[in-house]
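my_file17.tsv, holding TSV, C-alpha atoms:
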chain	number	residue	atom	x	y	z
A	1	MET	CA	-113.29	109.04	16.47
A	2	LYS	CA	-111.92	106.87	13.67
A	3	TRP	CA	-110.92	104.06	16.10
A	4	VAL	CA	-114.26	104.21	17.88
A	5	THR	CA	-116.04	103.72	14.54
A	6	ILE	CA	-113.76	100.86	13.50
A	7	THR	CA	-114.07	99.15	16.89
A	8	SER	CA	-117.85	99.54	16.91
A	9	ILE	CA	-118.17	98.09	13.42
A	10	PHE	CA	-115.91	95.18	14.38
A	11	ILE	CA	-117.83	94.41	17.55
A	12	ILE	CA	-121.24	94.62	15.83
A	13	SER	CA	-120.15	92.52	12.86
A	14	ALA	CA	-118.37	90.06	15.11
A	15	ALA	CA	-121.45	89.75	17.28
A	16	PHE	CA	-123.56	88.89	14.24
A	17	THR	CA	-120.93	86.54	12.94
A	18	PHE	CA	-120.50	84.71	16.24
A	19	ASN	CA	-124.24	84.53	16.67
A	20	ALA	CA	-124.63	83.11	13.19
A	21	HIS	CA	-122.08	80.38	13.79
A	22	SER	CA	-122.57	79.58	17.40
A	23	GLN	CA	-123.80	76.15	18.40
A	24	GLY	CA	-126.69	75.73	20.73
A	25	THR	CA	-127.21	72.85	23.12
A	26	THR	CA	-129.44	71.14	20.56
A	27	ASP	CA	-126.70	71.31	17.93
A	28	VAL	CA	-124.14	69.92	20.32
A	29	ASN	CA	-126.45	67.13	21.42
A	30	SER	CA	-127.33	66.19	17.87
A	31	PHE	CA	-123.66	65.66	17.04
A	32	ARG	CA	-122.71	64.21	20.37
A	33	ASN	CA	-122.77	60.60	19.23
A	34	LEU	CA	-121.64	61.18	15.66
A	35	PHE	CA	-118.07	60.09	16.29
A	36	ARG	CA	-117.69	57.23	18.65
A	37	PRO	CA	-114.36	56.41	20.16
A	38	VAL	CA	-112.80	53.33	18.63
A	39	GLU	CA	-112.91	50.49	21.07
A	40	SER	CA	-109.47	49.06	21.14
A	41	ARG	CA	-107.91	46.66	23.51
A	42	PRO	CA	-104.14	46.82	23.63
A	43	GLU	CA	-102.26	43.53	23.53
A	44	TYR	CA	-100.29	44.47	26.61
A	45	SER	CA	-100.79	45.86	30.07
A	46	ILE	CA	-98.51	48.39	31.67
A	47	LYS	CA	-97.92	46.99	35.11
A	48	VAL	CA	-94.56	47.68	36.68
A	49	ASP	CA	-93.43	44.56	38.52
A	50	THR	CA	-91.44	45.36	41.65
A	51	LYS	CA	-90.90	41.77	42.80
A	52	ASN	CA	-87.32	41.60	41.60
A	53	GLU	CA	-84.83	44.06	40.15
A	54	PHE	CA	-84.58	42.48	36.70
A	55	ARG	CA	-88.34	42.50	36.20
A	56	LEU	CA	-88.53	46.04	37.57
A	57	LEU	CA	-85.91	47.16	35.05
A	58	LEU	CA	-87.67	45.53	32.09
A	59	THR	CA	-91.26	46.39	32.95
A	60	GLY	CA	-90.31	49.88	34.16
A	61	GLY	CA	-88.34	50.52	30.98
A	62	PHE	CA	-91.25	49.39	28.87
A	63	ALA	CA	-93.72	51.55	30.80
A	64	PHE	CA	-91.45	54.59	30.50
A	65	TYR	CA	-91.01	54.02	26.76
A	66	LYS	CA	-94.73	53.54	26.13
A	67	VAL	CA	-95.89	56.50	28.24
A	68	PHE	CA	-93.25	59.11	27.49
A	69	ILE	CA	-91.65	58.24	24.16
A	70	SER	CA	-93.86	56.02	22.01
A	71	SER	CA	-97.03	58.00	22.77
A	72	GLN	CA	-95.46	61.20	21.37
A	73	ASP	CA	-95.06	59.83	17.87
A	74	GLY	CA	-97.13	58.05	15.26
A	75	VAL	CA	-96.84	54.42	14.28
A	76	ARG	CA	-93.30	53.90	13.04
A	77	CYS	CA	-92.75	50.17	13.49
A	78	THR	CA	-93.17	48.11	10.33
A	79	PHE	CA	-94.67	45.22	12.26
A	80	TYR	CA	-97.86	44.37	14.05
A	81	PRO	CA	-97.59	44.00	17.01
A	82	SER	CA	-94.95	46.68	17.34
A	83	CYS	CA	-91.45	45.77	18.51
A	84	SER	CA	-91.98	47.03	22.08
A	85	VAL	CA	-95.22	45.09	22.52
A	86	TYR	CA	-93.63	42.06	20.86
A	87	ALA	CA	-90.64	42.29	23.21
A	88	LEU	CA	-92.86	42.46	26.27
A	89	ASN	CA	-95.05	39.56	25.19
A	90	THR	CA	-92.26	37.30	24.00
A	91	ILE	CA	-90.33	37.77	27.25
A	92	LYS	CA	-93.53	36.99	29.16
A	93	THR	CA	-94.16	33.91	27.01
A	94	ASN	CA	-90.66	32.56	26.46
A	95	GLY	CA	-88.57	33.93	29.32
A	96	LEU	CA	-84.88	34.52	28.60
A	97	THR	CA	-85.15	33.06	25.08
A	98	GLY	CA	-87.77	35.74	24.48
A	99	LEU	CA	-85.13	38.39	25.16
A	100	PHE	CA	-83.07	37.09	22.21
A	101	ASP	CA	-86.24	36.85	20.15
A	102	ALA	CA	-86.97	40.51	20.93
A	103	ILE	CA	-83.47	41.65	19.93
A	104	ASP	CA	-83.69	39.58	16.74
A	105	ARG	CA	-87.00	41.30	15.99
A	106	LEU	CA	-85.24	44.69	16.20
A	107	THR	CA	-82.76	43.62	13.52
A	108	ARG	CA	-85.67	42.57	11.29
A	109	CYS	CA	-87.66	45.79	11.79
A	110	ASN	CA	-86.72	47.47	8.51
A	111	GLY	CA	-89.27	46.47	5.87
A	112	ILE	CA	-86.67	45.16	3.42
A	113	ASN	CA	-88.02	41.61	3.51
A	114	PRO	CA	-91.73	42.13	2.73
A	115	LYS	CA	-92.37	38.74	1.10
A	116	LYS	CA	-91.66	36.94	4.33
A	117	TYR	CA	-94.74	38.26	6.14
A	118	HIS	CA	-98.48	38.47	5.71
A	119	ILE	CA	-100.13	41.87	5.94
A	120	HIS	CA	-102.20	42.62	9.02
A	121	GLU	CA	-105.29	44.12	7.35
A	122	PRO	CA	-106.55	46.56	10.03
A	123	THR	CA	-103.15	48.20	10.50
A	124	GLN	CA	-101.63	47.51	7.06
A	125	ARG	CA	-98.39	46.40	8.68
A	126	PHE	CA	-96.41	43.18	8.51
A	127	TYR	CA	-97.92	40.56	10.76
A	128	ASP	CA	-95.38	38.92	13.01
A	129	PRO	CA	-97.07	37.59	16.15
A	130	VAL	CA	-95.35	36.18	19.21
A	131	THR	CA	-95.14	32.40	19.13
A	132	LYS	CA	-94.43	29.94	21.86
A	133	ILE	CA	-90.93	28.64	21.28
A	134	HIS	CA	-90.59	24.86	21.54
A	135	HIS	CA	-87.17	23.68	22.59
B	1	MET	CA	-126.89	26.50	-0.21
B	2	GLN	CA	-126.85	27.65	-3.84
B	3	SER	CA	-126.47	31.26	-2.69
B	4	HIS	CA	-123.51	30.17	-0.53
B	5	ASP	CA	-125.20	31.32	2.66
B	6	TYR	CA	-124.23	28.18	4.52
B	7	GLN	CA	-124.97	29.46	8.00
B	8	LEU	CA	-128.62	30.03	7.11
B	9	ALA	CA	-128.65	26.74	5.21
B	10	ALA	CA	-127.44	24.91	8.33
B	11	ALA	CA	-130.32	26.39	10.36
B	12	GLU	CA	-132.78	25.31	7.66
B	13	TRP	CA	-131.40	21.77	7.51
B	14	GLU	CA	-131.66	21.51	11.28
B	15	ARG	CA	-135.34	22.42	10.98
B	16	VAL	CA	-135.78	19.74	8.32
B	17	LEU	CA	-134.08	17.20	10.56
B	18	PHE	CA	-136.29	18.19	13.45
B	19	LEU	CA	-139.29	17.22	11.32
B	20	SER	CA	-137.64	14.17	9.77
B	21	PRO	CA	-134.77	12.97	12.00
B	22	SER	CA	-133.70	10.02	9.85
B	23	ASP	CA	-133.50	11.92	6.55
B	24	THR	CA	-130.04	10.95	5.21
B	25	LEU	CA	-129.88	13.72	2.60
B	26	ALA	CA	-130.72	16.36	5.22
B	27	ARG	CA	-128.01	14.96	7.48
B	28	LEU	CA	-125.48	15.12	4.68
B	29	ASN	CA	-126.46	18.67	3.76
B	30	LEU	CA	-126.35	19.81	7.38
B	31	ILE	CA	-122.84	18.44	7.76
B	32	LYS	CA	-121.81	20.10	4.51
B	33	SER	CA	-123.39	23.41	5.55
B	34	PHE	CA	-121.55	23.36	8.87
B	35	ARG	CA	-118.27	22.57	7.14
B	36	LEU	CA	-118.68	25.33	4.57
B	37	SER	CA	-119.72	27.88	7.20
B	38	ASP	CA	-116.38	27.35	8.98
B	39	LYS	CA	-117.77	25.10	11.68
B	40	PRO	CA	-116.03	21.80	10.92
B	41	ALA	CA	-115.91	20.78	14.59
B	42	GLU	CA	-119.70	21.09	14.78
B	43	ALA	CA	-120.09	19.03	11.61
B	44	TRP	CA	-117.71	16.33	12.86
B	45	LYS	CA	-119.62	16.13	16.14
B	46	LYS	CA	-122.92	15.63	14.29
B	47	LEU	CA	-121.44	12.98	12.02
B	48	ASN	CA	-120.04	11.06	14.99
B	49	THR	CA	-123.36	11.25	16.78
B	50	TRP	CA	-125.21	9.74	13.82
B	51	TYR	CA	-122.55	7.30	12.65
B	52	PRO	CA	-120.16	6.55	15.52
B	53	SER	CA	-118.57	3.43	14.06
B	54	ALA	CA	-120.75	2.17	11.21
B	55	PRO	CA	-119.43	1.87	7.64
B	56	LEU	CA	-119.93	5.10	5.70
B	57	THR	CA	-121.50	5.57	2.29
B	58	LYS	CA	-119.48	7.33	-0.40
B	59	GLN	CA	-120.94	10.80	0.18
B	60	PHE	CA	-120.54	10.60	3.95
B	61	SER	CA	-117.03	9.20	3.55
B	62	LEU	CA	-116.02	12.15	1.38
B	63	GLU	CA	-117.53	14.61	3.87
B	64	ALA	CA	-115.86	12.87	6.80
B	65	ALA	CA	-112.50	12.84	4.98
B	66	GLN	CA	-112.74	16.56	4.24
B	67	LEU	CA	-113.75	17.29	7.82
B	68	THR	CA	-110.92	15.35	9.42
B	69	LEU	CA	-108.39	16.94	7.10
B	70	THR	CA	-109.81	20.42	7.76
B	71	LEU	CA	-109.55	19.75	11.49
B	72	GLY	CA	-106.07	18.26	11.10
B	73	ASP	CA	-107.22	15.08	12.88
B	74	PHE	CA	-105.15	12.52	10.99
B	75	PRO	CA	-105.84	9.47	13.25
B	76	ALA	CA	-109.56	10.10	12.72
B	77	PHE	CA	-108.92	10.34	8.98
B	78	GLY	CA	-107.37	6.85	9.07
B	79	SER	CA	-110.46	5.52	10.81
B	80	VAL	CA	-112.70	7.20	8.18
B	81	MET	CA	-110.76	5.50	5.38
B	82	ASP	CA	-111.23	2.13	7.08
B	83	ARG	CA	-114.98	2.72	7.27
B	84	ALA	CA	-115.29	4.11	3.72
B	85	VAL	CA	-116.56	0.91	2.14
B	86	ASP	CA	-117.94	2.58	-1.00
B	87	LEU	CA	-114.74	4.34	-2.02
B	88	SER	CA	-112.64	2.67	-4.71
B	89	GLY	CA	-108.99	1.83	-4.14
B	90	ALA	CA	-107.82	4.72	-6.36
B	91	GLU	CA	-110.07	7.17	-4.55
B	92	LYS	CA	-108.79	6.03	-1.19
B	93	SER	CA	-105.25	6.33	-2.44
B	94	THR	CA	-105.92	9.91	-3.57
B	95	TRP	CA	-107.26	10.87	-0.16
B	96	LYS	CA	-104.49	9.08	1.70
B	97	LEU	CA	-101.91	10.86	-0.41
B	98	GLY	CA	-103.63	14.17	0.37
B	99	ALA	CA	-103.56	13.40	4.09
B	100	TRP	CA	-99.90	12.42	3.90
B	101	LEU	CA	-99.07	15.71	2.17
B	102	MET	CA	-101.12	17.74	4.63
B	103	GLU	CA	-99.68	16.07	7.70
B	104	GLY	CA	-96.29	17.46	6.73
B	105	GLU	CA	-94.15	14.66	8.18
B	106	TRP	CA	-92.48	14.21	4.78
B	107	ILE	CA	-90.25	17.22	5.50
B	108	ASN	CA	-88.28	15.08	7.97
B	109	GLN	CA	-87.49	12.42	5.33
B	110	PRO	CA	-84.57	12.75	2.91
B	111	PRO	CA	-85.69	14.74	-0.18
B	112	LYS	CA	-85.41	12.15	-2.94
B	113	SER	CA	-86.91	9.30	-0.95
B	114	ARG	CA	-90.05	10.94	0.34
B	115	ASN	CA	-92.58	8.18	-0.07
B	116	PRO	CA	-95.68	7.35	1.94
B	117	SER	CA	-96.12	3.90	3.45
B	118	PHE	CA	-98.89	3.03	0.94
B	119	THR	CA	-98.77	2.68	-2.85
B	120	VAL	CA	-99.33	6.01	-4.61
B	121	ALA	CA	-101.98	5.50	-7.27
B	122	SER	CA	-103.76	8.82	-7.27
B	123	MET	CA	-106.04	9.72	-10.14
B	124	ASP	CA	-105.65	13.45	-9.63
B	125	PRO	CA	-102.71	14.85	-11.65
B	126	ARG	CA	-102.64	18.04	-9.55
B	127	LEU	CA	-102.06	16.00	-6.41
B	128	LEU	CA	-99.38	13.94	-8.12
B	129	ASN	CA	-97.70	17.15	-9.19
B	130	ILE	CA	-97.66	18.43	-5.59
B	131	TYR	CA	-96.35	15.04	-4.44
B	132	SER	CA	-93.50	15.09	-6.95
B	133	ARG	CA	-92.55	18.62	-5.88
B	134	THR	CA	-92.10	17.55	-2.26
B	135	LYS	CA	-89.10	15.52	-3.41
B	136	ASP	CA	-87.33	18.71	-4.51
B	137	ILE	CA	-87.86	20.66	-1.29
B	138	ASN	CA	-84.77	20.80	0.86
B	139	ARG	CA	-85.26	20.82	4.58
B	140	LYS	CA	-83.13	23.35	6.42
B	141	SER	CA	-81.43	22.15	9.55
B	142	PRO	CA	-81.84	24.60	12.46
B	143	ALA	CA	-78.63	23.25	14.04
B	144	ALA	CA	-76.69	23.90	10.83
B	145	ALA	CA	-78.15	27.42	10.68
B	146	VAL	CA	-76.97	28.15	14.23
B	147	ALA	CA	-73.52	26.68	13.49
B	148	LEU	CA	-73.17	28.85	10.39
B	149	SER	CA	-74.21	31.94	12.32
B	150	CYS	CA	-71.64	31.12	14.98
B	151	ILE	CA	-68.92	31.44	12.36
B	152	VAL	CA	-70.28	34.42	10.43
B	153	PRO	CA	-73.23	36.32	11.94
B	154	GLY	CA	-76.25	36.20	9.63
B	155	MET	CA	-74.97	33.25	7.61
B	156	GLY	CA	-77.58	30.93	9.12
B	157	LYS	CA	-80.34	33.22	7.90
B	158	ILE	CA	-78.80	33.37	4.45
B	159	TYR	CA	-78.72	29.55	4.49
B	160	SER	CA	-82.47	29.63	5.29
B	161	HIS	CA	-83.10	31.89	2.24
B	162	ASP	CA	-83.50	35.03	4.39
B	163	TRP	CA	-80.46	36.72	2.93
B	164	LYS	CA	-81.69	40.27	3.60
B	165	ASP	CA	-82.22	39.52	7.28
B	166	GLY	CA	-78.85	37.79	7.32
B	167	LEU	CA	-77.11	40.88	5.99
B	168	MET	CA	-78.87	43.06	8.55
B	169	SER	CA	-77.73	40.74	11.37
B	170	LEU	CA	-74.17	40.92	10.09
B	171	LEU	CA	-74.40	44.70	9.90
B	172	PHE	CA	-75.74	45.05	13.46
B	173	VAL	CA	-73.11	42.75	14.96
B	174	ALA	CA	-70.22	44.12	12.90
B	175	ALA	CA	-71.08	47.79	13.51
B	176	ASN	CA	-71.37	47.35	17.27
B	177	ALA	CA	-68.25	45.18	17.47
B	178	TRP	CA	-66.30	47.76	15.48
B	179	GLN	CA	-67.47	50.59	17.74
B	180	SER	CA	-66.54	48.51	20.76
B	181	TYR	CA	-63.07	47.89	19.32
B	182	ARG	CA	-62.64	51.59	18.67
B	183	GLY	CA	-63.68	52.32	22.25
B	184	PHE	CA	-61.22	49.87	23.79
B	185	TRP	CA	-58.26	50.55	21.54
B	186	LYS	CA	-57.32	54.21	21.37
B	187	LYS	CA	-54.14	55.74	19.98
B	188	ASP	CA	-51.94	57.78	22.28
B	189	GLU	CA	-49.87	60.88	21.35
B	190	LEU	CA	-47.25	58.69	19.68
B	191	GLY	CA	-49.88	57.02	17.49
B	192	ILE	CA	-49.62	53.66	19.29
B	193	ALA	CA	-52.95	51.91	19.95
B	194	LYS	CA	-53.42	51.00	23.60
B	195	PHE	CA	-56.04	48.83	25.23
B	196	ASN	CA	-58.18	50.78	27.67
B	197	PRO	CA	-60.41	48.43	29.73
B	198	LYS	CA	-62.12	51.38	31.43
B	199	SER	CA	-63.66	52.67	28.21
B	200	VAL	CA	-67.42	53.12	28.68
B	201	THR	CA	-67.99	53.23	24.91
B	202	GLY	CA	-66.16	49.94	24.54
B	203	TRP	CA	-68.26	48.17	27.15
B	204	VAL	CA	-71.57	49.63	25.93
B	205	PHE	CA	-71.03	48.73	22.29
B	206	GLY	CA	-69.42	45.44	23.30
B	207	GLY	CA	-72.54	44.55	25.26
B	208	LEU	CA	-74.73	45.48	22.31
B	209	ALA	CA	-72.56	43.41	19.97
B	210	VAL	CA	-72.84	40.37	22.26
B	211	GLY	CA	-76.61	40.89	22.48
B	212	PHE	CA	-77.03	41.12	18.71
B	213	TYR	CA	-74.71	38.14	18.19
B	214	SER	CA	-76.72	35.95	20.58
B	215	ALA	CA	-79.97	37.14	19.02
B	216	ASN	CA	-78.54	36.32	15.59
B	217	LEU	CA	-77.94	32.71	16.71
B	218	PHE	CA	-81.51	32.46	17.93
B	219	GLY	CA	-82.81	34.23	14.81
B	220	SER	CA	-81.00	31.73	12.57
B	221	TRP	CA	-82.58	28.81	14.39
B	222	LYS	CA	-85.98	30.50	14.08
B	223	SER	CA	-85.43	31.30	10.42
B	224	ALA	CA	-84.61	27.66	9.54
B	225	THR	CA	-87.59	26.40	11.54
B	226	LEU	CA	-89.85	28.93	9.85
B	227	TYR	CA	-88.53	27.94	6.43
B	228	ASN	CA	-89.44	24.28	7.04
B	229	SER	CA	-92.82	25.23	8.41
B	230	ASN	CA	-93.51	27.52	5.42
B	231	GLN	CA	-92.69	24.71	3.00
B	232	THR	CA	-95.08	22.28	4.70
B	233	ASP	CA	-97.74	25.01	4.96
B	234	ARG	CA	-97.50	25.76	1.25
B	235	ILE	CA	-97.90	22.10	0.33
B	236	ARG	CA	-100.73	21.77	2.84
B	237	HIS	CA	-102.59	24.74	1.35
B	238	GLU	CA	-102.14	23.53	-2.20
B	239	THR	CA	-103.39	20.06	-1.23
B	240	GLU	CA	-106.33	21.65	0.57
B	241	GLY	CA	-107.08	23.57	-2.61
B	242	VAL	CA	-107.28	20.29	-4.55
B	243	LEU	CA	-109.17	18.16	-2.05
B	244	ILE	CA	-111.36	20.52	-0.07
B	245	THR	CA	-112.90	22.69	-2.75
B	246	HIS	CA	-116.56	21.83	-2.80

Mind turning this structure into structure tokens?
Amino acid sequence: MKWVTITSIFIISAAFTFNAHSQGTTDVNSFRNLFRPVESRPEYSIKVDTKNEFRLLLTGGFAFYKVFISSQDGVRCTFYPSCSVYALNTIKTNGLTGLFDAIDRLTRCNGINPKKYHIHEPTQRFYDPVTKIHH
Amino acid sequence: MQSHDYQLAAAEWERVLFLSPSDTLARLNLIKSFRLSDKPAEAWKKLNTWYPSAPLTKQFSLEAAQLTLTLGDFPAFGSVMDRAVDLSGAEKSTWKLGAWLMEGEWINQPPKSRNPSFTVASMDPRLLNIYSRTKDINRKSPAAAVALSCIVPGMGKIYSHDWKDGLMSLLFVAANAWQSYRGFWKKDELGIAKFNPKSVTGWVFGGLAVGFYSANLFGSWKSATLYNSNQTDRIRHETEGVLITH
């Protein structure tokens, strides 16, 4: 008898509570456009190139890193664009020299030399864009 | 224009010019409005349409000089100076000195003998101060930076005033090389170190060490190049601050 009473009281009170806080279609619709997704265009495209083995290794490695590893964590790189995006773009822009540029970027990714870089305002990270290397 | 809304001002001056196409003051103000609303190319186009090769009055000469320097078009600046008939010799010298500083070619001359091809007789002490400072700026040789990094990893970056990056390069190369050495040379039961070429650890860390070493050479070259470019940029910005302020 005691459990029946307790259960009944819980159900009745819960019903009132849920009713009081439930959202109708109107409520949902009125808030539907309150938060708009941020339109962002990444500075890279994940396209695995299968034309030769070296490109497959690099682009496949990048895609794997971006999809399975990088996406599981917040922003950790001190630079904008991040080291992985920088590596991809510099290799695309500068070829083999870009590979050395990318490795050099990894050794600089520590934040101990802040005066060397400008701040990228939207991300509040050090701005170090890819540049075309003139030989 | 007084409220610094130069984009709106440009639209207004275009309306004025539509009604009175030969109004010189409106032309001048339109060019100025375009320049101050970050459209120097537009302003330069207008100026060339109205005055393609004719001698320029003082106000137009000053506008044209500022525009060409903003656009970084130094040959056009030379042509503007030739056409600036109303500018005095000292004024022309000031602007030419500004252009010489902004062009940044002085970095390739030896420090103490950095002199333009014309006589420096600027009236602006701030510009003269910038000019005298260029003589104390040392250019860093990218080749020397690479050579230094060949000998000691990171030394080229230290030479280019990036000593923190230099130390990090040294750390990366040294740590990986050390791990590689430890992988290849292992002690046997008798305590004698023996070379093991089949060590995976040795090859992996050796590969990383070679990668970081090569990247350090490239990084040193980049660091020296960036140092030179930063020096010329700083002088360019300071000169811009003196010449292109109003």

For this session: Taking only C-alpha atoms into account, report as a PyMOL selection string which residues of chain A lie within 12 Å of chain B.
Result: chain A and resi 96-117+128+131-135

For this session: Write out as a PyMOL selection string which residues come within 12 Å of Ser113 (chain B) when counting only C-alpha atoms, dropping same-chain ones fewer than 2 positions away.
Result: chain B and resi 106-111+115-117+131-138

Problem set entry | Atom-to-atom span, CA of Gly104 (chain B) and CA of Thr232 (chain B), Å |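 Pair CA of Gly104 (chain B) / CA of Thr232 (chain B) returns 5.4 Å.
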
Exercise. If you measure from CA of Phe77 (chain B) to CA of Leu97 (chain B), what distance in Å do you get, rounded to one decimal?
Worked result: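 Computed distance, CA of Phe77 (chain B) to CA of Leu97 (chain B), equals 11.7 Å.
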
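From CA of Ala54 (chain B) back to CA of Thr68 (chain B), the distance works out to 16.5 Å.
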
For this session: Identify, on the basis of only C-alpha atoms, every residue whose closest approach to region 84-87 of chain B does not exceed 7 Å; exclude the query and any residue fewer than 5 positions from it along the same chain; express the result as a ChimeraX atom specification.
Result: /B:55-58,61,92

Problem set entry | Local residues around (-96.8, 43.5, 20.9), at most 10 Å away, using all atoms listed in the file, as a PyMOL selection string | chain A and resi 42-44+79-90+128-130

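Every protein or nucleic acid residue with an atom no more than 10 Å from Leu17 (chain B), counting only C-alpha atoms and leaving out same-chain residues fewer than 6 positions away, appears here: Ala11, Asp23, Thr24, Leu25, Ala26, Arg27 and Leu30 of chain B.
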
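Residue nearest Phe118 (chain B), chosen from B:Cys150, B:Gly89, B:Glu105, B:Arg139 and counting only C-alpha atoms: B:Gly89.
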